[in-house]
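What follows is the content of structure-v6.pdb (PDB, C-alpha atoms and all ligand atoms).
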```pdb
ATOM      1  CA  VAL A 246     190.159  67.998 150.185
ATOM      2  CA  ALA A 247     191.802  66.386 147.165
ATOM      3  CA  LYS A 248     194.956  68.021 145.878
ATOM      4  CA  ARG A 249     194.319  70.137 142.808
ATOM      5  CA  ALA A 250     195.195  67.949 139.806
ATOM      6  CA  PHE A 251     196.961  69.730 136.977
ATOM      7  CA  GLY A 252     197.494  68.437 133.484
ATOM      8  CA  ALA A 253     196.104  65.399 131.726
ATOM      9  CA  VAL A 254     193.415  63.301 133.360
ATOM     10  CA  PRO A 255     194.716  59.718 133.090
ATOM     11  CA  GLY A 256     192.788  57.796 130.452
ATOM     12  CA  LEU A 257     190.894  60.814 129.158
ATOM     13  CA  PRO A 258     191.436  61.444 125.429
ATOM     14  CA  GLU A 259     191.296  64.888 123.910
ATOM     15  CA  GLY A 260     187.943  65.420 122.209
ATOM     16  CA  ALA A 261     185.989  63.485 124.832
ATOM     17  CA  GLY A 262     182.367  64.648 125.094
ATOM     18  CA  PHE A 263     180.227  65.302 128.172
ATOM     19  CA  ASP A 264     176.542  66.027 128.500
ATOM     20  CA  SER A 265     176.678  68.227 131.585
ATOM     21  CA  ARG A 266     178.849  70.151 134.034
ATOM     22  CA  SER A 267     178.272  67.464 136.636
ATOM     23  CA  GLU A 268     179.703  64.835 134.248
ATOM     24  CA  LEU A 269     182.746  67.049 133.708
ATOM     25  CA  ALA A 270     183.176  67.351 137.460
ATOM     26  CA  ALA A 271     182.775  63.619 138.079
ATOM     27  CA  ALA A 272     185.422  62.852 135.447
ATOM     28  CA  GLY A 273     187.887  65.235 137.106
ATOM     29  CA  VAL A 274     188.101  67.477 134.039
ATOM     30  CA  HIS A 275     186.601  70.614 135.595
ATOM     31  CA  ARG A 276     185.386  70.383 139.175
ATOM     32  CA  PRO A 277     183.267  73.507 139.824
ATOM     33  CA  LEU A 278     179.675  73.146 138.643
ATOM     34  CA  GLN A 279     179.193  76.827 137.790
ATOM     35  CA  ALA A 280     182.480  78.753 137.805
ATOM     36  CA  GLY A 281     184.305  78.994 134.481
ATOM     37  CA  ILE A 282     187.745  78.935 136.114
ATOM     38  CA  ALA A 283     188.814  76.143 138.475
ATOM     39  CA  GLY A 284     191.634  77.345 140.666
ATOM     40  CA  SER A 285     192.818  79.272 143.674
ATOM     41  CA  ALA A 286     195.183  82.181 144.132
ATOM     42  CA  THR A 287     197.643  79.996 146.058
ATOM     43  CA  GLU A 288     197.653  76.917 143.794
ATOM     44  CA  GLY A 289     196.950  78.310 140.316
ATOM     45  CA  ALA A 290     194.190  77.369 137.883
ATOM     46  CA  ASP A 291     193.934  73.844 136.464
ATOM     47  CA  SER A 292     190.955  74.099 134.091
ATOM     48  CA  ILE A 293     188.539  76.487 132.392
ATOM     49  CA  VAL A 294     185.248  76.197 130.548
ATOM     50  CA  VAL A 295     184.605  78.345 127.475
ATOM     51  CA  SER A 296     180.903  78.434 126.734
ATOM     52  CA  GLY A 297     180.042  81.841 125.391
ATOM     53  CA  GLY A 298     179.150  83.369 128.737
ATOM     54  CA  TYR A 299     181.453  86.363 128.242
ATOM     55  CA  GLU A 300     180.954  88.730 125.339
ATOM     56  CA  ASP A 301     184.661  89.620 125.214
ATOM     57  CA  ASP A 302     185.970  86.057 124.713
ATOM     58  CA  GLU A 303     187.739  85.473 121.390
ATOM     59  CA  ASP A 304     188.196  81.888 120.254
ATOM     60  CA  GLN A 305     190.757  81.224 117.543
ATOM     61  CA  GLY A 306     191.111  77.494 118.123
ATOM     62  CA  ASP A 307     194.695  76.942 119.245
ATOM     63  CA  VAL A 308     194.742  80.459 120.706
ATOM     64  CA  LEU A 309     192.066  81.609 123.082
ATOM     65  CA  ILE A 310     191.569  85.122 124.434
ATOM     66  CA  TYR A 311     189.685  84.332 127.589
ATOM     67  CA  THR A 312     187.862  86.828 129.760
ATOM     68  CA  GLY A 313     188.410  86.629 133.494
ATOM     69  CA  HIS A 314     185.833  85.988 136.194
ATOM     70  CA  GLY A 315     183.459  88.520 137.683
ATOM     71  CA  GLY A 316     181.267  91.485 136.896
ATOM     72  CA  ASN A 317     179.202  89.447 134.462
ATOM     73  CA  ASP A 318     175.443  89.124 134.240
ATOM     74  CA  PRO A 319     174.865  85.393 133.688
ATOM     75  CA  ALA A 320     171.484  86.046 132.077
ATOM     76  CA  THR A 321     172.864  88.203 129.248
ATOM     77  CA  GLY A 322     176.635  87.481 129.193
ATOM     78  CA  LYS A 323     177.240  91.235 129.400
ATOM     79  CA  GLN A 324     179.700  92.917 131.732
ATOM     80  CA  VAL A 325     178.011  95.048 134.373
ATOM     81  CA  ALA A 326     181.010  95.756 136.633
ATOM     82  CA  GLU A 327     184.833  95.901 136.651
ATOM     83  CA  GLN A 328     187.019  92.818 136.954
ATOM     84  CA  THR A 329     190.106  92.676 139.133
ATOM     85  CA  LEU A 330     193.190  90.482 139.345
ATOM     86  CA  THR A 331     191.859  88.542 142.328
ATOM     87  CA  ARG A 332     190.533  85.061 143.139
ATOM     88  CA  GLN A 333     190.126  82.886 140.028
ATOM     89  CA  ASN A 334     191.682  85.572 137.828
ATOM     90  CA  LEU A 335     194.726  85.588 140.077
ATOM     91  CA  ALA A 336     194.736  81.783 139.826
ATOM     92  CA  LEU A 337     195.149  82.022 136.041
ATOM     93  CA  ALA A 338     197.943  84.581 136.531
ATOM     94  CA  VAL A 339     199.706  82.152 138.890
ATOM     95  CA  SER A 340     199.444  79.414 136.242
ATOM     96  CA  CYS A 341     200.950  81.898 133.766
ATOM     97  CA  ASP A 342     203.935  82.633 135.991
ATOM     98  CA  ARG A 343     204.554  78.979 136.889
ATOM     99  CA  GLY A 344     203.874  77.585 133.427
ATOM    100  CA  PHE A 345     201.135  75.225 134.614
ATOM    101  CA  PRO A 346     198.975  73.485 132.000
ATOM    102  CA  VAL A 347     195.274  74.412 131.981
ATOM    103  CA  ARG A 348     192.654  71.935 130.716
ATOM    104  CA  VAL A 349     190.311  73.670 128.289
ATOM    105  CA  VAL A 350     186.691  72.594 127.932
ATOM    106  CA  ARG A 351     184.460  74.086 125.260
ATOM    107  CA  GLY A 352     180.688  74.208 125.640
ATOM    108  CA  ALA A 353     177.959  74.406 123.031
ATOM    109  CA  GLY A 354     177.341  78.099 123.727
ATOM    110  CA  GLY A 355     180.797  79.167 122.535
ATOM    111  CA  ASP A 356     182.176  80.225 119.154
ATOM    112  CA  PRO A 357     180.383  77.998 116.619
ATOM    113  CA  GLY A 358     183.603  77.503 114.656
ATOM    114  CA  PHE A 359     185.360  75.747 117.524
ATOM    115  CA  SER A 360     182.636  74.558 119.900
ATOM    116  CA  PRO A 361     180.708  71.293 120.105
ATOM    117  CA  ALA A 362     177.131  71.191 118.792
ATOM    118  CA  HIS A 363     175.841  70.159 122.205
ATOM    119  CA  GLY A 364     177.174  69.529 125.685
ATOM    120  CA  TYR A 365     180.878  69.952 126.484
ATOM    121  CA  ARG A 366     184.132  68.755 124.926
ATOM    122  CA  TYR A 367     187.582  68.398 126.500
ATOM    123  CA  ASP A 368     189.974  70.141 124.105
ATOM    124  CA  GLY A 369     193.337  69.377 125.678
ATOM    125  CA  GLN A 370     195.889  71.429 127.570
ATOM    126  CA  TYR A 371     196.751  75.060 127.057
ATOM    127  CA  TYR A 372     199.258  77.426 128.661
ATOM    128  CA  VAL A 373     198.532  80.956 129.841
ATOM    129  CA  GLU A 374     201.009  82.942 127.753
ATOM    130  CA  SER A 375     200.124  86.413 129.036
ATOM    131  CA  TYR A 376     197.441  88.447 130.742
ATOM    132  CA  TRP A 377     196.479  92.083 130.780
ATOM    133  CA  ARG A 378     193.721  94.524 131.559
ATOM    134  CA  ALA A 379     191.470  95.974 128.885
ATOM    135  CA  ARG A 380     188.291  97.935 128.447
ATOM    136  CA  GLY A 381     185.573  95.411 127.542
ATOM    137  CA  LYS A 382     182.788  95.950 125.019
ATOM    138  CA  ALA A 383     180.417  97.103 127.740
ATOM    139  CA  GLY A 384     182.866  99.771 128.968
ATOM    140  CA  PHE A 385     184.097  98.044 132.116
ATOM    141  CA  ASP A 386     187.619  96.875 132.886
ATOM    142  CA  ILE A 387     188.127  93.185 132.208
ATOM    143  CA  MET A 388     191.058  90.849 132.687
ATOM    144  CA  ARG A 389     192.127  89.056 129.522
ATOM    145  CA  PHE A 390     194.200  85.887 129.323
ATOM    146  CA  ARG A 391     195.923  84.609 126.199
ATOM    147  CA  LEU A 392     195.926  80.812 126.264
ATOM    148  CA  VAL A 393     197.931  78.862 123.701
ATOM    149  CA  LYS A 394     197.484  75.157 123.051
ATOM    150  CA  SER A 395     200.309  72.975 124.313
ATOM    151  CA  PRO A 396     202.618  71.789 121.526
ATOM    152  CA  GLN A 397     202.656  68.349 123.166
ATOM    153  CA  PRO A 398     199.454  66.283 122.970
ATOM    154  CA  ASN A 399     199.911  65.046 126.523
ATOM    155  CA  PRO A 400     202.377  67.057 128.622
ATOM    156  CA  GLY A 401     201.559  65.009 131.703
ATOM    157  CA  THR A 402     200.042  65.440 135.111
ATOM    158  CA  ASN A 403     200.630  67.153 138.435
ATOM    159  CA  PRO A 404     203.073  70.040 138.135
ATOM    160  CA  GLU A 405     203.888  70.113 141.840
ATOM    161  CA  PRO A 406     204.140  66.577 143.223
ATOM    162  CA  SER A 407     204.015  66.121 146.947
ATOM    163  CA  PRO A 408     206.405  65.308 148.555
ATOM    164  CA  PRO A 409     208.929  67.347 146.563
ATOM    165  CA  PRO A 410     211.070  65.391 144.112
ATOM    166  CA  HIS A 411     214.555  64.240 145.187
ATOM    167  CA  GLY A 412     217.715  65.120 143.342
ATOM    168  CA  ASN A 413     217.620  62.750 140.382
ATOM    169  CA  GLU A 414     213.895  62.010 140.343
ATOM    170  CA  GLN A 415     212.358  62.525 136.930
ATOM    171  CA  ARG A 416     209.469  64.950 136.840
ATOM    172  CA  GLU A 417     206.694  63.316 134.842
ATOM    173  CA  TYR A 418     205.105  66.509 133.637
ATOM    174  CA  ALA A 419     206.045  69.510 131.567
ATOM    175  CA  THR A 420     205.471  73.178 132.221
ATOM    176  CA  VAL A 421     206.031  76.078 129.891
ATOM    177  CA  GLN A 422     207.660  79.129 131.395
ATOM    178  CA  ARG A 423     208.572  81.973 129.097
ATOM    179  CA  LEU A 424     208.791  82.154 125.370
ATOM    180  CA  VAL A 425     211.619  84.540 124.464
ATOM    181  CA  ARG A 426     211.356  85.416 120.803
ATOM    182  CA  ASN A 427     214.681  85.728 119.057
ATOM    183  CA  THR A 428     214.370  87.340 115.661
ATOM    184  CA  ALA A 429     216.682  89.288 113.389
ATOM    185  CA  VAL A 430     215.058  92.431 114.753
ATOM    186  CA  THR A 431     215.555  91.618 118.432
ATOM    187  CA  GLN A 432     219.160  90.646 117.687
ATOM    188  CA  TYR A 433     219.679  93.960 115.887
ATOM    189  CA  VAL A 434     218.352  95.919 118.891
ATOM    190  CA  LYS A 435     220.504  93.948 121.350
ATOM    191  CA  VAL A 436     223.629  94.740 119.341
ATOM    192  CA  LEU A 437     222.712  98.444 119.204
ATOM    193  CA  HIS A 438     222.637  98.425 123.013
ATOM    194  CA  ASP A 439     225.646  96.120 123.318
ATOM    195  CA  TYR A 440     223.444  93.729 125.354
ATOM    196  CA  THR A 441     222.988  96.326 128.105
ATOM    197  CA  CYS A 442     219.570  96.468 129.791
ATOM    198  CA  GLN A 443     217.717  99.678 128.967
ATOM    199  CA  VAL A 444     216.112  99.718 132.424
ATOM    200  CA  CYS A 445     218.809  98.767 134.965
ATOM    201  CA  GLY A 446     222.005  99.020 132.930
ATOM    202  CA  GLU A 447     223.129  95.468 133.659
ATOM    203  CA  ARG A 448     225.183  93.692 131.007
ATOM    204  CA  LEU A 449     224.855  90.021 131.877
ATOM    205  CA  GLN A 450     227.957  87.979 131.090
ATOM    206  CA  THR A 451     227.743  84.259 130.382
ATOM    207  CA  PRO A 452     230.512  81.845 129.291
ATOM    208  CA  ALA A 453     229.161  82.266 125.746
ATOM    209  CA  GLY A 454     229.231  86.051 125.841
ATOM    210  CA  PRO A 455     226.835  88.799 126.881
ATOM    211  CA  TYR A 456     223.141  87.906 127.242
ATOM    212  CA  ALA A 457     220.105  90.139 126.829
ATOM    213  CA  GLU A 458     216.533  89.711 125.615
ATOM    214  CA  GLY A 459     214.509  91.593 123.040
ATOM    215  CA  ALA A 460     211.193  92.673 124.579
ATOM    216  CA  HIS A 461     208.222  93.787 122.486
ATOM    217  CA  LEU A 462     206.291  96.718 123.910
ATOM    218  CA  ARG A 463     203.133  95.965 121.939
ATOM    219  CA  PRO A 464     202.976  92.152 122.014
ATOM    220  CA  VAL A 465     203.206  90.325 118.705
ATOM    221  CA  GLY A 466     200.363  87.971 117.780
ATOM    222  CA  ARG A 467     196.643  88.286 118.232
ATOM    223  CA  PRO A 468     194.905  90.250 119.570
ATOM    224  CA  HIS A 469     197.668  92.858 119.910
ATOM    225  CA  ASN A 470     199.377  92.401 116.527
ATOM    226  CA  GLY A 471     202.427  94.440 117.492
ATOM    227  CA  PRO A 472     205.144  94.671 114.839
ATOM    228  CA  ASP A 473     208.474  92.868 115.112
ATOM    229  CA  ALA A 474     210.315  96.109 114.394
ATOM    230  CA  PRO A 475     213.098  98.029 116.216
ATOM    231  CA  GLU A 476     210.715 100.847 117.213
ATOM    232  CA  ASN A 477     208.687  98.247 119.181
ATOM    233  CA  VAL A 478     211.584  96.362 120.829
ATOM    234  CA  LEU A 479     213.566  97.034 123.993
ATOM    235  CA  CYS A 480     216.882  95.458 124.992
ATOM    236  CA  LEU A 481     216.347  94.140 128.527
ATOM    237  CA  CYS A 482     217.820  91.811 131.120
ATOM    238  CA  PRO A 483     215.603  88.778 131.904
ATOM    239  CA  ASN A 484     214.320  90.299 135.149
ATOM    240  CA  ASP A 485     213.243  93.539 133.529
ATOM    241  CA  HIS A 486     211.760  91.621 130.591
ATOM    242  CA  VAL A 487     209.451  89.782 132.994
ATOM    243  CA  ARG A 488     208.664  93.064 134.771
ATOM    244  CA  LEU A 489     207.696  94.621 131.442
ATOM    245  CA  ASP A 490     205.608  91.646 130.280
ATOM    246  CA  ARG A 491     203.715  91.517 133.570
ATOM    247  CA  GLY A 492     203.228  95.278 133.753
ATOM    248  CA  VAL A 493     205.333  95.763 136.886
ATOM    249  CA  ILE A 494     207.018  98.481 134.837
ATOM    250  CA  THR A 495     205.867 100.395 131.786
ATOM    251  CA  LEU A 496     206.914 103.581 129.950
ATOM    252  CA  ASP A 497     205.429 107.054 129.987
ATOM    253  CA  GLY A 498     205.149 109.382 126.990
ATOM    254  CA  SER A 499     208.691 110.700 127.559
ATOM    255  CA  PHE A 500     210.165 107.179 127.737
ATOM    256  CA  ASN A 501     210.648 107.238 131.464
ATOM    257  CA  VAL A 502     210.358 103.874 133.186
ATOM    258  CA  ILE A 503     207.326 104.069 135.467
ATOM    259  CA  ALA A 504     205.710 101.695 137.940
ATOM    260  CA  GLY A 505     202.659 100.086 136.309
ATOM    261  CA  SER A 506     200.600 100.125 139.490
ATOM    262  CA  THR A 507     201.236 103.710 140.612
ATOM    263  CA  GLY A 508     202.619 105.539 137.580
ATOM    264  CA  ASN A 509     205.566 106.764 139.668
ATOM    265  CA  VAL A 510     208.637 107.592 137.601
ATOM    266  CA  LEU A 511     211.486 105.179 138.381
ATOM    267  CA  GLY A 512     214.027 106.701 135.999
ATOM    268  CA  PRO A 513     214.765 107.392 132.343
ATOM    269  CA  LEU A 514     214.950 104.558 129.832
ATOM    270  CA  ARG A 515     218.516 104.135 128.568
ATOM    271  CA  VAL A 516     218.973 105.017 124.926
ATOM    272  CA  ALA A 517     221.371 104.005 122.153
ATOM    273  CA  SER A 518     222.098 105.985 119.036
ATOM    274  CA  GLY A 519     220.227 104.608 116.057
ATOM    275  CA  HIS A 520     217.409 103.125 118.148
ATOM    276  CA  GLU A 521     214.199 105.141 118.278
ATOM    277  CA  LEU A 522     211.084 103.762 119.909
ATOM    278  CA  ASP A 523     207.578 104.550 118.703
ATOM    279  CA  PRO A 524     205.635 106.310 121.492
ATOM    280  CA  THR A 525     202.363 104.755 120.314
ATOM    281  CA  HIS A 526     203.727 101.304 121.178
ATOM    282  CA  ALA A 527     204.706 102.552 124.643
ATOM    283  CA  GLU A 528     201.202 103.977 124.988
ATOM    284  CA  TYR A 529     199.716 100.616 123.981
ATOM    285  CA  HIS A 530     201.800  98.811 126.595
ATOM    286  CA  ARG A 531     200.783 101.365 129.196
ATOM    287  CA  GLY A 532     197.159 100.679 128.291
ATOM    288  CA  LEU A 533     197.596  96.972 129.009
ATOM    289  CA  HIS A 534     198.987  97.485 132.478
ATOM    290  CA  GLY A 535     198.792 101.111 133.583
ATOM    291  CA  GLY A 536     196.863 104.319 133.118
ATOM    292  CA  THR A 537     195.706 104.944 129.532
ATOM    293  CA  ARG A 538     193.772 101.992 128.242
ATOM    294  CA  SER A 539     194.144 100.398 124.834
ATOM    295  CA  PRO A 540     191.091  99.981 122.590
ATOM    296  CA  THR A 541     191.233  96.181 122.722
TER     297      THR A 541
HETATM  298 ZN    ZN A 601     217.573  95.152 133.744
END
```

Could you render the structure from this file as structure tokens?
Ligand SMILES: [Zn+2]
Amino acid sequence: VAKRAFGAVPGLPEGAGFDSRSELAAAGVHRPLQAGIAGSATEGADSIVVSGGYEDDEDQGDVLIYTGHGGNDPATGKQVAEQTLTRQNLALAVSCDRGFPVRVVRGAGGDPGFSPAHGYRYDGQYYVESYWRARGKAGFDIMRFRLVKSPQPNPGTNPEPSPPPHGNEQREYATVQRLVRNTAVTQYVKVLHDYTCQVCGERLQTPAGPYAEGAHLRPVGRPHNGPDAPENVLCLCPNDHVRLDRGVITLDGSFNVIAGSTGNVLGPLRVASGHELDPTHAEYHRGLHGGTRSPT
């Protein structure tokens, strides 16, 4: 079995057209002939096809809100069962955590504003910025993935070369890990908390001073459109920021930190005078990863 090939296909320009799924597979762009997601839970996902098969997909061009695999009636495109974070969906989550590039192919059945008139088109490399659970249009749970186009036209190939690289060997590819937004608002919240994590109480010291991150409860940007405002921002250490973004932890209605998977209370969120959070943003976050679901 050939090693899963991430990133650019050598010699393949963005915008290249294909008549069929078998042509896409033969060119090494997207190997499965039917599945929309190429990947495995151990390796990550290396490519997807967007072709209008899922009613909850939202195509915005450089940003794609992609519906996970499963529970879909191929004849109608409608959801008929719940999706879970398993198999190909887990593969996309692995690519999110490791920052792997995902080749995006659009098919003629997709959003007319961004899709080819016929056949399939290779649209370059995207990164999985985040993922969450939502109630789909048909009333079943779906997994949603926010993919953002790579800022580099060709970030390279093969994120995990084998054998592993030696000390000074240049890696010929790029991955994108985490985007930490620093704004005047997140800076303001960090100062209010004196850079102390609101979950674990750690105040991380670096040679340049204390370090913390501003974490938005309701994510900014589509489709969440959370505000960049103090009532939507927590001051967290990097570990707890990742836990929050991945739904390992969330907040209950009394601003206790709870486990996203079980809802068990882990402890109270630390507070600072002058910093009040909006409970509706905590509820929205909880809907993405825990009990009460958000409308989107
Ligand atoms: Zn912490």

What are the nearest atom pairs, with distances in Å to one decimal, for all residues of chain A that come at most 8 Å from ligand ZN 601 (chain A), using only C-alpha atoms and all ligand atoms, set out by chain and rising residue number as JSON lines?
```
{"residue": "A:Thr441", "atom": "CA", "partner": "A:ZN601", "partner_atom": "ZN", "distance": 7.9}
{"residue": "A:Cys442", "atom": "CA", "partner": "A:ZN601", "partner_atom": "ZN", "distance": 4.6}
{"residue": "A:Gln443", "atom": "CA", "partner": "A:ZN601", "partner_atom": "ZN", "distance": 6.6}
{"residue": "A:Val444", "atom": "CA", "partner": "A:ZN601", "partner_atom": "ZN", "distance": 5.0}
{"residue": "A:Cys445", "atom": "CA", "partner": "A:ZN601", "partner_atom": "ZN", "distance": 4.0}
{"residue": "A:Gly446", "atom": "CA", "partner": "A:ZN601", "partner_atom": "ZN", "distance": 5.9}
{"residue": "A:Glu447", "atom": "CA", "partner": "A:ZN601", "partner_atom": "ZN", "distance": 5.6}
{"residue": "A:Leu481", "atom": "CA", "partner": "A:ZN601", "partner_atom": "ZN", "distance": 5.5}
{"residue": "A:Cys482", "atom": "CA", "partner": "A:ZN601", "partner_atom": "ZN", "distance": 4.3}
{"residue": "A:Pro483", "atom": "CA", "partner": "A:ZN601", "partner_atom": "ZN", "distance": 6.9}
{"residue": "A:Asn484", "atom": "CA", "partner": "A:ZN601", "partner_atom": "ZN", "distance": 6.0}
{"residue": "A:Asp485", "atom": "CA", "partner": "A:ZN601", "partner_atom": "ZN", "distance": 4.6}
{"residue": "A:His486", "atom": "CA", "partner": "A:ZN601", "partner_atom": "ZN", "distance": 7.5}
```

Name every residue that the PyMOL selection byres (((chain A and resi 331-343) around 8) and not hetatm) selects in this structure, writing the answer as a list of chain:residue names with chains first and numbers rising.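 Applied to this file, the PyMOL selection byres (((chain A and resi 331-343) around 8) and not hetatm) returns A:Ile282, A:Ala283, A:Gly284, A:Ser285, A:Ala286, A:Thr287, A:Glu288, A:Gly289, A:Ala290, A:Asp291, A:Gly313, A:His314, A:Thr329, A:Leu330, A:Gly344, A:Phe345, A:Pro346, A:Val347, A:Tyr372, A:Val373, A:Glu374, A:Ser375, A:Tyr376, A:Met388, A:Phe390, A:Thr420, A:Val421, A:Gln422.
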
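Evaluated against this file, the PyMOL selection byres (((chain A and resi 498) around 8) and not hetatm) yields Leu496, Asp497, Ser499, Phe500, Asn501, Pro524, Ala527 and Glu528 of chain A.
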
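Comparing the minimum interatomic distances between Asp473 of chain A and each of A:Gly358, A:His526, A:Arg366, A:Arg491, counting all atoms listed in the file, we find that A:His526 sits nearest.
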
Looking at A:Asp386, A:Asp318, A:Asp264, A:Glu300, which one is nearest to Ala362 of chain A, with distances taken over only C-alpha atoms?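 Nearest to Ala362 of chain A: A:Asp264.
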
Point out the residue among A:Val295, A:Arg426, A:Gln324, A:Lys435 with the least atom-to-atom distance to Asp368 of chain A, counting all atoms listed in the file. A:Val295

Compile the contact shell of Gly262 of chain A as a list in words: residues with an atom at most 12 Å away, counting all atoms listed in the file, same-chain residues fewer than 5 positions apart removed.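 The residues satisfying every condition are Leu257, Glu268, Leu269, Ala272, Val274, Val350, Arg351, Gly352, Ala353, Ser360, Pro361, Ala362, His363, Gly364, Tyr365, Arg366, Tyr367, Asp368 and Gly369 of chain A.
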
One number please: atom CA of Ala326 of chain A to atom CA of Phe385 of chain A, in Å, one decimal. 5.9 Å

To verify the selection step, state as a ChimeraX atom specification which residues the PyMOL selection byres (((chain A and resi 502-511) around 6) and not hetatm) yields on this input. /A:492-496,501,512-514,534-535

Between atom CA of Ser292 of chain A and atom CA of Leu424 of chain A, measure the distance and give it in Å to one decimal.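 Computed distance, atom CA of Ser292 of chain A to atom CA of Leu424 of chain A, equals 21.4 Å.
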
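Across the model, the gap from atom CA of Val430 of chain A to atom CA of Gly459 of chain A is 8.3 Å.
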
Cut-off 10 Å: closest segment 389-500 of chain A/segment 305-312 of chain A atom pairs per residue, using all atoms listed in the file, as a Markdown table:
```
| residue | atom | partner | partner_atom | distance |
| --- | --- | --- | --- | --- |
| A:Arg389 | CA | A:Thr312 | CA | 4.8 |
| A:Phe390 | CA | A:Tyr311 | CA | 5.1 |
| A:Arg391 | CA | A:Ile310 | CA | 4.7 |
| A:Leu392 | CA | A:Leu309 | CA | 5.1 |
| A:Val393 | CA | A:Val308 | CA | 4.7 |
| A:Lys394 | CA | A:Asp307 | CA | 5.0 |
| A:Ser395 | CA | A:Asp307 | CA | 8.5 |
| A:Pro396 | CA | A:Asp307 | CA | 9.7 |
| A:Gly466 | CA | A:Val308 | CA | 9.8 |
| A:Arg467 | CA | A:Val308 | CA | 8.4 |
| A:Pro468 | CA | A:Ile310 | CA | 7.8 |
```

Taking into account all atoms listed in the file, which residue in the set A:Glu521, A:Glu259, A:Glu458, A:Asp301 is nearest to Lys323 of chain A?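 Among the listed residues, the smallest separation from Lys323 of chain A belongs to A:Asp301.
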
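With distances taken over all atoms listed in the file, A:Ser296 is the one residue among A:Gln328, A:Thr321, A:Ser296, A:Gln450 lying closest to Phe359 of chain A.
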
May I ask which of the residues A:Gly519, A:Gly355, A:Pro452, A:Gly260 is the closest one to Tyr433 of chain A, counting all atoms listed in the file?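 Comparing A:Gly519, A:Gly355, A:Pro452, A:Gly260 against Tyr433 of chain A, the winner is A:Gly519.
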
Sel. within 10 Å of pt (178.9, 80.4, 140.4), counting only C-alpha atoms, output as a PyMOL selection string: chain A and resi 277-282+314-315+319

8 Å contact set for Glu476 of chain A, all atoms listed in the file, chain neighbours under 4 positions out, as a PyMOL selection string: chain A and resi 520-523
